[in-house]
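Below: upload_24.cif (mmCIF, C-alpha atoms)
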data_upload
#
loop_
_atom_site.label_atom_id
_atom_site.label_comp_id
_atom_site.auth_asym_id
_atom_site.auth_seq_id
_atom_site.Cartn_x
_atom_site.Cartn_y
_atom_site.Cartn_z
CA MET A 1 -42.78 27.79 -3.71
CA SER A 2 -39.67 27.64 -1.55
CA SER A 3 -36.24 27.11 -3.09
CA ALA A 4 -36.26 23.68 -1.51
CA THR A 5 -38.98 22.52 -3.89
CA ARG A 6 -37.84 24.19 -7.09
CA LEU A 7 -35.33 21.51 -8.14
CA ASP A 8 -36.26 18.98 -10.82
CA ALA A 9 -36.64 15.35 -9.78
CA ASP A 10 -33.13 14.21 -10.74
CA SER A 11 -31.43 17.15 -9.06
CA ARG A 12 -33.56 16.68 -5.97
CA ARG A 13 -32.71 12.99 -5.75
CA GLU A 14 -29.03 13.84 -6.22
CA GLN A 15 -29.24 16.52 -3.53
CA LEU A 16 -30.75 14.04 -1.06
CA LEU A 17 -28.09 11.45 -1.84
CA GLN A 18 -25.32 14.02 -1.37
CA ALA A 19 -26.82 14.99 1.99
CA GLY A 20 -26.93 11.29 2.91
CA LEU A 21 -23.32 10.70 1.84
CA THR A 22 -22.21 13.65 3.95
CA LEU A 23 -24.07 12.22 6.95
CA LEU A 24 -22.47 8.82 6.41
CA ARG A 25 -19.10 10.38 7.17
CA THR A 26 -20.14 10.58 10.81
CA THR A 27 -23.21 8.33 11.15
CA PRO A 28 -23.03 4.54 10.96
CA PHE A 29 -24.79 3.32 7.86
CA ASP A 30 -27.35 1.11 9.61
CA GLN A 31 -28.39 4.01 11.86
CA LEU A 32 -29.02 6.53 9.08
CA SER A 33 -32.71 7.36 8.65
CA ALA A 34 -34.84 9.32 6.18
CA VAL A 35 -35.46 11.84 8.97
CA ASP A 36 -31.72 12.52 9.25
CA VAL A 37 -31.46 13.04 5.50
CA ALA A 38 -34.51 15.33 5.47
CA ARG A 39 -33.07 17.45 8.26
CA ALA A 40 -29.63 17.67 6.62
CA ALA A 41 -31.12 18.60 3.23
CA GLY A 42 -33.59 21.06 4.76
CA VAL A 43 -36.63 19.32 3.28
CA SER A 44 -39.60 17.43 4.66
CA LYS A 45 -39.43 13.77 5.63
CA GLY A 46 -42.23 13.19 3.14
CA LEU A 47 -40.06 14.43 0.30
CA VAL A 48 -37.31 11.96 1.21
CA PHE A 49 -39.90 9.16 1.30
CA HIS A 50 -41.16 10.29 -2.09
CA TYR A 51 -37.77 9.48 -3.61
CA PHE A 52 -36.87 6.60 -1.29
CA PRO A 53 -40.08 4.93 -0.07
CA THR A 54 -38.24 2.74 2.47
CA THR A 55 -35.10 3.12 4.56
CA ARG A 56 -33.71 0.15 2.73
CA GLU A 57 -34.22 1.84 -0.65
CA LEU A 58 -32.46 4.90 0.76
CA HIS A 59 -29.57 2.72 1.95
CA VAL A 60 -29.25 0.88 -1.34
CA ALA A 61 -29.28 4.17 -3.28
CA LEU A 62 -26.64 5.66 -0.95
CA LEU A 63 -24.36 2.66 -1.40
CA ARG A 64 -24.82 2.84 -5.18
CA ALA A 65 -24.00 6.54 -5.10
CA SER A 66 -20.85 6.01 -3.04
CA THR A 67 -19.59 3.22 -5.26
CA THR A 68 -20.26 5.28 -8.39
CA GLU A 69 -18.19 8.03 -6.80
CA LEU A 70 -15.40 5.58 -5.97
CA LEU A 71 -15.34 4.07 -9.45
CA GLY A 72 -15.23 7.52 -11.03
CA LEU A 73 -12.18 8.33 -8.92
CA VAL A 74 -10.07 5.22 -9.50
CA ASP A 75 -10.40 4.98 -13.27
CA LEU A 76 -7.79 7.39 -14.51
CA SER A 77 -4.50 8.12 -16.26
CA PRO A 78 -5.03 6.08 -19.46
CA GLU A 79 -1.82 7.64 -20.76
CA LEU A 80 0.31 5.75 -18.23
CA ASP A 81 1.66 2.20 -18.57
CA TYR A 82 -0.22 -0.48 -16.61
CA GLU A 83 2.03 -0.27 -13.58
CA GLY A 84 1.56 3.50 -13.46
CA ARG A 85 -2.20 3.21 -13.92
CA LEU A 86 -2.40 0.62 -11.17
CA ALA A 87 -0.44 2.91 -8.83
CA ALA A 88 -2.55 5.97 -9.76
CA GLY A 89 -5.81 4.05 -9.30
CA LEU A 90 -4.60 2.66 -5.98
CA ASP A 91 -3.61 6.12 -4.82
CA ALA A 92 -7.12 7.39 -5.60
CA PHE A 93 -8.67 4.35 -3.89
CA ILE A 94 -6.66 4.99 -0.73
CA THR A 95 -7.56 8.69 -0.85
CA TYR A 96 -11.23 7.70 -1.04
CA ILE A 97 -10.94 5.46 2.05
CA GLU A 98 -8.87 8.09 3.91
CA ASP A 99 -11.39 10.77 3.12
CA ALA A 100 -14.46 8.94 4.41
CA PRO A 101 -13.55 5.65 6.12
CA LEU A 102 -17.02 5.20 7.62
CA VAL A 103 -18.67 5.47 4.20
CA TYR A 104 -16.21 2.96 2.84
CA VAL A 105 -16.72 0.51 5.70
CA ALA A 106 -20.49 0.86 5.28
CA MET A 107 -20.10 0.04 1.60
CA THR A 108 -17.98 -3.05 2.19
CA ARG A 109 -19.19 -4.44 5.51
CA GLY A 110 -22.65 -3.06 6.03
CA ALA A 111 -24.62 -5.43 3.84
CA GLY A 112 -25.40 -8.12 6.41
CA SER A 113 -27.72 -10.66 4.81
CA ASP A 114 -29.59 -8.11 2.68
CA PRO A 115 -29.38 -9.40 -0.92
CA GLN A 116 -29.73 -5.93 -2.48
CA LEU A 117 -26.95 -4.44 -0.36
CA GLN A 118 -24.80 -7.51 -1.01
CA ALA A 119 -25.40 -7.02 -4.73
CA VAL A 120 -24.08 -3.45 -4.53
CA PHE A 121 -20.97 -4.71 -2.76
CA GLU A 122 -20.44 -7.47 -5.35
CA ASP A 123 -21.04 -5.10 -8.25
CA THR A 124 -18.49 -2.64 -6.84
CA ARG A 125 -15.81 -5.25 -6.32
CA ASN A 126 -16.45 -6.72 -9.76
CA ALA A 127 -16.34 -3.28 -11.37
CA ILE A 128 -12.91 -2.67 -9.82
CA VAL A 129 -11.75 -6.10 -11.01
CA ALA A 130 -13.02 -5.24 -14.52
CA LEU A 131 -11.12 -1.95 -14.37
CA ILE A 132 -7.87 -3.69 -13.44
CA LEU A 133 -8.39 -6.39 -16.09
CA ASP A 134 -8.82 -3.60 -18.60
CA VAL A 135 -5.61 -1.92 -17.40
CA LEU A 136 -3.82 -5.26 -17.78
CA GLY A 137 -5.29 -5.78 -21.27
CA LEU A 138 -7.05 -8.97 -20.08
CA ALA A 139 -10.65 -7.78 -20.00
CA GLU A 140 -11.84 -10.33 -22.56
CA ASP A 141 -12.37 -13.78 -21.08
CA PRO A 142 -10.19 -13.37 -17.95
CA PRO A 143 -8.84 -16.58 -16.41
CA ALA A 144 -10.66 -17.72 -13.23
CA GLY A 145 -7.47 -17.73 -11.14
CA LEU A 146 -6.71 -14.14 -12.05
CA ARG A 147 -10.19 -13.03 -11.00
CA ILE A 148 -9.72 -14.81 -7.65
CA MET A 149 -6.36 -13.12 -7.15
CA LEU A 150 -7.69 -9.67 -8.04
CA ARG A 151 -10.66 -9.97 -5.68
CA GLY A 152 -8.20 -11.06 -3.01
CA TRP A 153 -5.82 -8.22 -3.77
CA ILE A 154 -8.60 -5.61 -3.54
CA ALA A 155 -9.60 -7.06 -0.14
CA MET A 156 -5.97 -6.83 0.93
CA VAL A 157 -5.70 -3.21 -0.20
CA GLU A 158 -8.87 -2.36 1.72
CA GLU A 159 -7.85 -4.11 4.93
CA ALA A 160 -4.25 -2.85 4.82
CA THR A 161 -5.47 0.72 4.25
CA LEU A 162 -8.01 0.56 7.08
CA HIS A 163 -5.25 -0.64 9.40
CA TRP A 164 -2.73 1.85 8.22
CA LEU A 165 -5.18 4.73 8.58
CA PRO A 166 -5.40 5.42 12.34
CA ASP A 167 -1.73 6.24 12.92
CA LYS A 168 -0.09 6.12 9.47
CA VAL A 169 3.20 4.87 10.90
CA VAL A 170 4.23 3.67 7.44
CA PRO A 171 4.75 6.46 4.85
CA ARG A 172 1.80 6.64 2.44
CA GLN A 173 3.81 6.25 -0.78
CA ARG A 174 5.66 3.27 0.67
CA LEU A 175 2.35 1.55 1.37
CA ILE A 176 1.19 2.23 -2.20
CA ASP A 177 4.44 0.89 -3.67
CA PHE A 178 4.20 -2.18 -1.46
CA LEU A 179 0.65 -2.97 -2.61
CA VAL A 180 1.45 -2.38 -6.30
CA THR A 181 4.54 -4.59 -6.05
CA ALA A 182 2.45 -7.27 -4.33
CA ALA A 183 -0.05 -7.23 -7.22
CA LEU A 184 2.62 -7.33 -9.91
CA THR A 185 4.53 -10.11 -8.13
CA MET A 186 1.41 -12.26 -7.73
CA LEU A 187 0.31 -11.74 -11.31
CA PRO A 188 2.35 -14.50 -13.04
CA ASP A 189 1.45 -17.00 -10.29
CA ALA A 190 -2.21 -16.02 -10.58
CA LEU A 191 -2.14 -16.56 -14.33
CA ALA A 192 -0.57 -19.98 -13.72
CA LEU A 193 -3.51 -21.00 -11.49
CA ASP A 194 -5.53 -21.84 -14.59
CA GLU A 195 -2.92 -23.93 -16.34
CA PRO A 196 -4.08 -27.45 -17.20
CA MET B 197 -37.21 -33.43 35.22
CA SER B 198 -36.82 -33.95 31.50
CA SER B 199 -33.43 -34.73 29.96
CA ALA B 200 -33.52 -31.26 28.43
CA THR B 201 -33.12 -29.63 31.86
CA ARG B 202 -30.63 -32.00 33.44
CA LEU B 203 -27.47 -30.44 31.99
CA ASP B 204 -25.32 -28.15 34.15
CA ALA B 205 -25.14 -24.48 33.20
CA ASP B 206 -21.91 -24.64 31.17
CA SER B 207 -22.99 -27.69 29.21
CA ARG B 208 -26.38 -26.17 28.58
CA ARG B 209 -24.88 -22.92 27.31
CA GLU B 210 -22.53 -24.94 25.10
CA GLN B 211 -25.43 -27.01 23.79
CA LEU B 212 -27.37 -23.87 22.86
CA LEU B 213 -24.35 -22.38 21.11
CA GLN B 214 -23.78 -25.58 19.17
CA ALA B 215 -27.44 -25.56 18.10
CA GLY B 216 -27.00 -21.92 17.04
CA LEU B 217 -23.82 -22.65 15.08
CA THR B 218 -25.59 -25.47 13.25
CA LEU B 219 -28.45 -23.12 12.37
CA LEU B 220 -26.00 -20.51 11.10
CA ARG B 221 -24.94 -22.91 8.37
CA THR B 222 -28.28 -22.29 6.68
CA THR B 223 -29.74 -19.16 8.35
CA PRO B 224 -28.30 -15.68 7.83
CA PHE B 225 -26.77 -14.42 11.06
CA ASP B 226 -28.92 -11.30 11.40
CA GLN B 227 -32.09 -13.37 11.00
CA LEU B 228 -31.26 -15.93 13.68
CA SER B 229 -33.51 -15.61 16.76
CA ALA B 230 -33.65 -17.14 20.23
CA VAL B 231 -36.82 -18.94 19.13
CA ASP B 232 -34.92 -20.69 16.34
CA VAL B 233 -32.22 -21.79 18.78
CA ALA B 234 -34.81 -23.00 21.31
CA ARG B 235 -36.59 -25.03 18.66
CA ALA B 236 -33.34 -26.56 17.34
CA ALA B 237 -32.12 -27.44 20.84
CA GLY B 238 -35.51 -28.77 21.92
CA VAL B 239 -35.78 -26.39 24.88
CA SER B 240 -38.04 -23.49 25.81
CA LYS B 241 -37.50 -19.97 24.53
CA GLY B 242 -37.23 -18.89 28.17
CA LEU B 243 -34.24 -21.12 28.70
CA VAL B 244 -32.42 -19.55 25.76
CA PHE B 245 -33.21 -16.09 27.17
CA HIS B 246 -31.89 -17.24 30.54
CA TYR B 247 -28.44 -17.75 29.02
CA PHE B 248 -28.66 -15.00 26.40
CA PRO B 249 -31.01 -12.26 27.65
CA THR B 250 -31.02 -10.43 24.30
CA THR B 251 -30.71 -11.47 20.68
CA ARG B 252 -27.59 -9.36 20.51
CA GLU B 253 -25.98 -11.27 23.39
CA LEU B 254 -26.88 -14.50 21.60
CA HIS B 255 -25.29 -13.18 18.39
CA VAL B 256 -22.12 -12.01 20.16
CA ALA B 257 -21.78 -15.37 21.95
CA LEU B 258 -22.30 -17.25 18.67
CA LEU B 259 -19.62 -15.20 16.93
CA ARG B 260 -17.22 -15.76 19.84
CA ALA B 261 -17.94 -19.50 19.70
CA SER B 262 -17.34 -19.68 15.96
CA THR B 263 -14.07 -17.78 16.18
CA THR B 264 -12.85 -19.94 19.08
CA GLU B 265 -13.59 -22.93 16.88
CA LEU B 266 -11.70 -21.40 13.97
CA LEU B 267 -8.66 -20.47 16.06
CA GLY B 268 -8.53 -23.98 17.54
CA LEU B 269 -8.44 -25.39 14.02
CA VAL B 270 -5.76 -23.21 12.45
CA ASP B 271 -3.15 -23.41 15.22
CA LEU B 272 -1.40 -26.67 14.49
CA SER B 273 1.68 -28.62 13.42
CA PRO B 274 4.30 -26.98 15.68
CA GLU B 275 6.74 -29.64 14.44
CA LEU B 276 6.80 -28.18 10.93
CA ASP B 277 8.98 -25.30 9.70
CA TYR B 278 7.25 -21.93 9.35
CA GLU B 279 6.38 -22.39 5.70
CA GLY B 280 4.84 -25.79 6.50
CA ARG B 281 2.92 -24.40 9.49
CA LEU B 282 1.62 -21.53 7.40
CA ALA B 283 0.43 -23.98 4.72
CA ALA B 284 -1.15 -26.32 7.31
CA GLY B 285 -2.91 -23.44 9.08
CA LEU B 286 -4.12 -22.05 5.77
CA ASP B 287 -5.43 -25.46 4.73
CA ALA B 288 -7.42 -25.63 8.00
CA PHE B 289 -8.67 -22.06 7.52
CA ILE B 290 -9.90 -22.86 4.01
CA THR B 291 -11.53 -26.07 5.27
CA TYR B 292 -13.35 -24.02 7.91
CA ILE B 293 -14.69 -21.58 5.29
CA GLU B 294 -15.58 -24.45 2.91
CA ASP B 295 -17.41 -26.30 5.64
CA ALA B 296 -19.67 -23.42 6.70
CA PRO B 297 -19.30 -20.39 4.44
CA LEU B 298 -22.38 -18.67 5.85
CA VAL B 299 -21.01 -18.87 9.42
CA TYR B 300 -17.73 -17.47 8.20
CA VAL B 301 -19.35 -14.61 6.29
CA ALA B 302 -21.48 -13.83 9.36
CA MET B 303 -18.33 -13.68 11.44
CA THR B 304 -16.49 -11.36 9.09
CA ARG B 305 -19.20 -9.22 7.53
CA GLY B 306 -22.16 -9.36 9.86
CA ALA B 307 -21.05 -6.79 12.41
CA GLY B 308 -22.54 -3.66 10.85
CA SER B 309 -22.03 -0.78 13.27
CA ASP B 310 -22.44 -2.90 16.42
CA PRO B 311 -19.31 -2.26 18.52
CA GLN B 312 -19.47 -5.63 20.31
CA LEU B 313 -19.77 -7.59 17.08
CA GLN B 314 -17.01 -5.47 15.56
CA ALA B 315 -14.83 -6.27 18.58
CA VAL B 316 -15.28 -10.01 17.98
CA PHE B 317 -14.26 -9.53 14.38
CA GLU B 318 -11.19 -7.47 15.36
CA ASP B 319 -10.20 -9.94 18.08
CA THR B 320 -10.41 -12.83 15.65
CA ARG B 321 -8.33 -11.14 12.99
CA ASN B 322 -5.77 -10.04 15.57
CA ALA B 323 -5.60 -13.53 17.06
CA ILE B 324 -4.82 -14.95 13.62
CA VAL B 325 -2.16 -12.26 13.11
CA ALA B 326 -0.68 -13.17 16.52
CA LEU B 327 -0.62 -16.81 15.52
CA ILE B 328 1.24 -16.06 12.30
CA LEU B 329 3.68 -13.73 14.08
CA ASP B 330 4.36 -16.59 16.48
CA VAL B 331 4.95 -19.00 13.59
CA LEU B 332 7.38 -16.47 12.09
CA GLY B 333 9.14 -15.99 15.44
CA LEU B 334 8.17 -12.29 15.42
CA ALA B 335 5.53 -12.27 18.16
CA GLU B 336 7.46 -9.86 20.38
CA ASP B 337 7.14 -6.26 19.29
CA PRO B 338 6.08 -6.89 15.68
CA PRO B 339 6.81 -4.08 13.20
CA ALA B 340 3.74 -2.00 12.19
CA GLY B 341 4.20 -2.69 8.48
CA LEU B 342 4.22 -6.44 9.05
CA ARG B 343 0.96 -6.26 11.00
CA ILE B 344 -0.62 -4.25 8.16
CA MET B 345 0.57 -6.82 5.62
CA LEU B 346 -0.69 -9.78 7.67
CA ARG B 347 -4.12 -8.23 8.19
CA GLY B 348 -4.20 -7.60 4.44
CA TRP B 349 -3.07 -11.12 3.62
CA ILE B 350 -5.78 -12.67 5.85
CA ALA B 351 -8.39 -10.53 4.08
CA MET B 352 -6.99 -11.72 0.74
CA VAL B 353 -7.15 -15.36 1.83
CA GLU B 354 -10.75 -14.90 2.93
CA GLU B 355 -11.88 -13.13 -0.22
CA ALA B 356 -9.99 -15.46 -2.57
CA THR B 357 -11.42 -18.51 -0.81
CA LEU B 358 -14.99 -17.19 -0.89
CA HIS B 359 -14.59 -16.57 -4.62
CA TRP B 360 -12.98 -19.88 -5.32
CA LEU B 361 -15.65 -21.78 -3.39
CA PRO B 362 -18.72 -21.81 -5.68
CA ASP B 363 -17.13 -23.65 -8.61
CA LYS B 364 -13.58 -24.53 -7.47
CA VAL B 365 -12.20 -24.19 -10.99
CA VAL B 366 -8.67 -23.87 -9.57
CA PRO B 367 -7.36 -27.02 -7.80
CA ARG B 368 -7.49 -26.62 -4.01
CA GLN B 369 -3.80 -27.31 -3.34
CA ARG B 370 -2.77 -24.89 -6.06
CA LEU B 371 -4.79 -22.13 -4.40
CA ILE B 372 -3.14 -22.90 -1.03
CA ASP B 373 0.34 -22.86 -2.58
CA PHE B 374 -0.44 -19.59 -4.33
CA LEU B 375 -1.55 -17.91 -1.09
CA VAL B 376 1.43 -19.22 0.91
CA THR B 377 3.83 -18.08 -1.81
CA ALA B 378 2.15 -14.67 -1.84
CA ALA B 379 2.68 -14.33 1.94
CA LEU B 380 6.30 -15.43 1.81
CA THR B 381 7.06 -13.18 -1.16
CA MET B 382 5.52 -10.13 0.51
CA LEU B 383 7.26 -10.77 3.82
CA PRO B 384 10.63 -9.06 3.13
CA ASP B 385 8.86 -6.05 1.55
CA ALA B 386 6.50 -5.86 4.54
CA LEU B 387 9.44 -5.89 6.96
CA ALA B 388 11.04 -3.07 4.93
CA LEU B 389 7.92 -0.91 5.40
CA ASP B 390 9.19 0.08 8.86
CA GLU B 391 12.70 0.99 7.84
CA PRO B 392 13.68 4.54 8.76
#
When written as structure tokens, how does the structure in this file appear?
Amino acid sequence: MSSATRLDADSRREQLLQAGLTLLRTTPFDQLSAVDVARAAGVSKGLVFHYFPTTRELHVALLRASTTELLGLVDLSPELDYEGRLAAGLDAFITYIEDAPLVYVAMTRGAGSDPQLQAVFEDTRNAIVALILDVLGLAEDPPAGLRIMLRGWIAMVEEATLHWLPDKVVPRQRLIDFLVTAALTMLPDALALDEP
Amino acid sequence: MSSATRLDADSRREQLLQAGLTLLRTTPFDQLSAVDVARAAGVSKGLVFHYFPTTRELHVALLRASTTELLGLVDLSPELDYEGRLAAGLDAFITYIEDAPLVYVAMTRGAGSDPQLQAVFEDTRNAIVALILDVLGLAEDPPAGLRIMLRGWIAMVEEATLHWLPDKVVPRQRLIDFLVTAALTMLPDALALDEP
């Protein structure tokens, strides 16, 4: 038995996903195939198909893996006040996009009309909203207007970061401060959206 | 000669694009074929292929047509002050998304890794930024930070609108006011992003 087959099922699946995530740094999401993953992981194509019977299942699993990674990174610093936690989470979020912009773009814009891929995107956005609501102490029964604002703010962070990225003319910390200030400034207005 | 073949080339192309745009209101972008367009326009598949030799060319032309439509709608009310023009343009933008959310989502999230489709998306966003810069009297040599903020703000408007749309819990005008206020509040901070 070669070393390539000695891993247990979970480790093997994880290894294939990590190989796929690495490939996504340079390969557009919709062009990534099981063959590419097999080659990168040094295993047979059949083994990849064993874990991910279709390319779509592979894609969905890769998106899930990348969002899990993202969420693990942005949820931090519970010892800080909410402004500090927001800034720390945003910093990690921007680092994630900086580190692998293609993976991020695949995650947010690669879904097309595929309901499963769209669901991953929605789940990710909603998980980040839930995280921020928790930071703000508003996780229980959040007002509709606040949810709308937070979804909008996350989209703004994403778009601003992707546009800042190529030449970074604006200093990084200044961008972070700007985006945190924007969120905090909009917050009272967003809460007022639900007033009767 | 049937009435279906009597149109001149430009009118015929326009007719096919209009048929395609109507279909996009109910059909996901990446599932729309030349056959669908031919059937909807009451012409042969061959005629559609004559104007759009590949499905991709059809898709690119449809996206261009929908963004031209959008840009024509949001550029208005030159007699108003900049706050009023921003609000009027935003109102039109939201109406456009409300009217055909699937077309809008196709335009903004359907590009995948296709460079031509991505270019349409970029061109559209940049055209809206240019429009706002013009409204603000900053069209010449706009600061980098302001461009980043405006791209971010447009993404926020889009995401907030798409999330407001299904149940419209927040009154429409209140959402518009909120988004205009957000832009105006961020503006001085965005201009400061470029300070030395």
Spatial neighbours of segment 283-286 of chain B, 7 Å, all atoms listed in the file, chain gap at least 5 places, as a PyMOL selection string
chain B and resi 270-272+372+376
Could you list, as an mmCIF file with C-alpha atoms, in the coordinates of the input, every residue of chain B that has an atom within 9 Å of an atom of chain A, counting all atoms listed in the file?
data_model
loop_
_atom_site.group_PDB
_atom_site.id
_atom_site.type_symbol
_atom_site.label_atom_id
_atom_site.label_comp_id
_atom_site.auth_asym_id
_atom_site.auth_seq_id
_atom_site.Cartn_x
_atom_site.Cartn_y
_atom_site.Cartn_z
ATOM 1 C CA PRO B 224 -28.300 -15.680 7.830
ATOM 2 C CA PHE B 225 -26.770 -14.420 11.060
ATOM 3 C CA ASP B 226 -28.920 -11.300 11.400
ATOM 4 C CA GLN B 227 -32.090 -13.370 11.000
ATOM 5 C CA VAL B 301 -19.350 -14.610 6.290
ATOM 6 C CA ALA B 302 -21.480 -13.830 9.360
ATOM 7 C CA THR B 304 -16.490 -11.360 9.090
ATOM 8 C CA ARG B 305 -19.200 -9.220 7.530
ATOM 9 C CA GLY B 306 -22.160 -9.360 9.860
ATOM 10 C CA ALA B 307 -21.050 -6.790 12.410
ATOM 11 C CA GLY B 308 -22.540 -3.660 10.850
ATOM 12 C CA SER B 309 -22.030 -0.780 13.270
ATOM 13 C CA ALA B 340 3.740 -2.000 12.190
ATOM 14 C CA GLY B 341 4.200 -2.690 8.480
ATOM 15 C CA ARG B 343 0.960 -6.260 11.000
ATOM 16 C CA ILE B 344 -0.620 -4.250 8.160
ATOM 17 C CA MET B 345 0.570 -6.820 5.620
ATOM 18 C CA LEU B 346 -0.690 -9.780 7.670
ATOM 19 C CA ARG B 347 -4.120 -8.230 8.190
ATOM 20 C CA GLY B 348 -4.200 -7.600 4.440
ATOM 21 C CA TRP B 349 -3.070 -11.120 3.620
ATOM 22 C CA ILE B 350 -5.780 -12.670 5.850
ATOM 23 C CA ALA B 351 -8.390 -10.530 4.080
ATOM 24 C CA MET B 352 -6.990 -11.720 0.740
ATOM 25 C CA VAL B 353 -7.150 -15.360 1.830
ATOM 26 C CA GLU B 354 -10.750 -14.900 2.930
ATOM 27 C CA GLU B 355 -11.880 -13.130 -0.220
ATOM 28 C CA ALA B 356 -9.990 -15.460 -2.570
ATOM 29 C CA THR B 357 -11.420 -18.510 -0.810
ATOM 30 C CA LEU B 358 -14.990 -17.190 -0.890
ATOM 31 C CA HIS B 359 -14.590 -16.570 -4.620
ATOM 32 C CA TRP B 360 -12.980 -19.880 -5.320
ATOM 33 C CA VAL B 365 -12.200 -24.190 -10.990
ATOM 34 C CA VAL B 366 -8.670 -23.870 -9.570
ATOM 35 C CA PRO B 367 -7.360 -27.020 -7.800
ATOM 36 C CA ARG B 370 -2.770 -24.890 -6.060
ATOM 37 C CA LEU B 371 -4.790 -22.130 -4.400
ATOM 38 C CA PHE B 374 -0.440 -19.590 -4.330
ATOM 39 C CA THR B 377 3.830 -18.080 -1.810
ATOM 40 C CA ALA B 378 2.150 -14.670 -1.840
ATOM 41 C CA THR B 381 7.060 -13.180 -1.160
ATOM 42 C CA MET B 382 5.520 -10.130 0.510
ATOM 43 C CA ASP B 385 8.860 -6.050 1.550
ATOM 44 C CA ALA B 386 6.500 -5.860 4.540
ATOM 45 C CA LEU B 389 7.920 -0.910 5.400
ATOM 46 C CA ASP B 390 9.190 0.080 8.860
ATOM 47 C CA GLU B 391 12.700 0.990 7.840
#
Spatial neighbours of segment 13-26 of chain A, max dist 10 Å, all atoms listed in the file, sep filter under 6 positions, as a PyMOL selection string
chain A and resi 7+32-34+36-43+47-48+50-52+58-59+61-66+99-104+106
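We find atom CA of Leu86 of chain A and atom CA of Val135 of chain A to be spaced 7.5 Å apart.
With atom CA of Arg172 of chain A on one side and atom CA of Asp91 of chain A on the other, the separation reads 9.1 Å.
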Pick from A:Ala92, A:Tyr82, A:Gly46, A:Leu73 nearest to Leu184 of chain A, counting only C-alpha atoms
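Of A:Ala92, A:Tyr82, A:Gly46, A:Leu73, the one nearest Leu184 of chain A, counting only C-alpha atoms, is A:Tyr82.
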Taking into account all atoms listed in the file, which residue in the set B:Pro311, B:Arg281, B:Ala205, B:Ala323 is nearest to Leu267 of chain B?
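Closest candidate: B:Ala323.
If you look at atom CA of Ile324 of chain B and atom CA of Thr264 of chain B, they are 10.9 Å away from each other.
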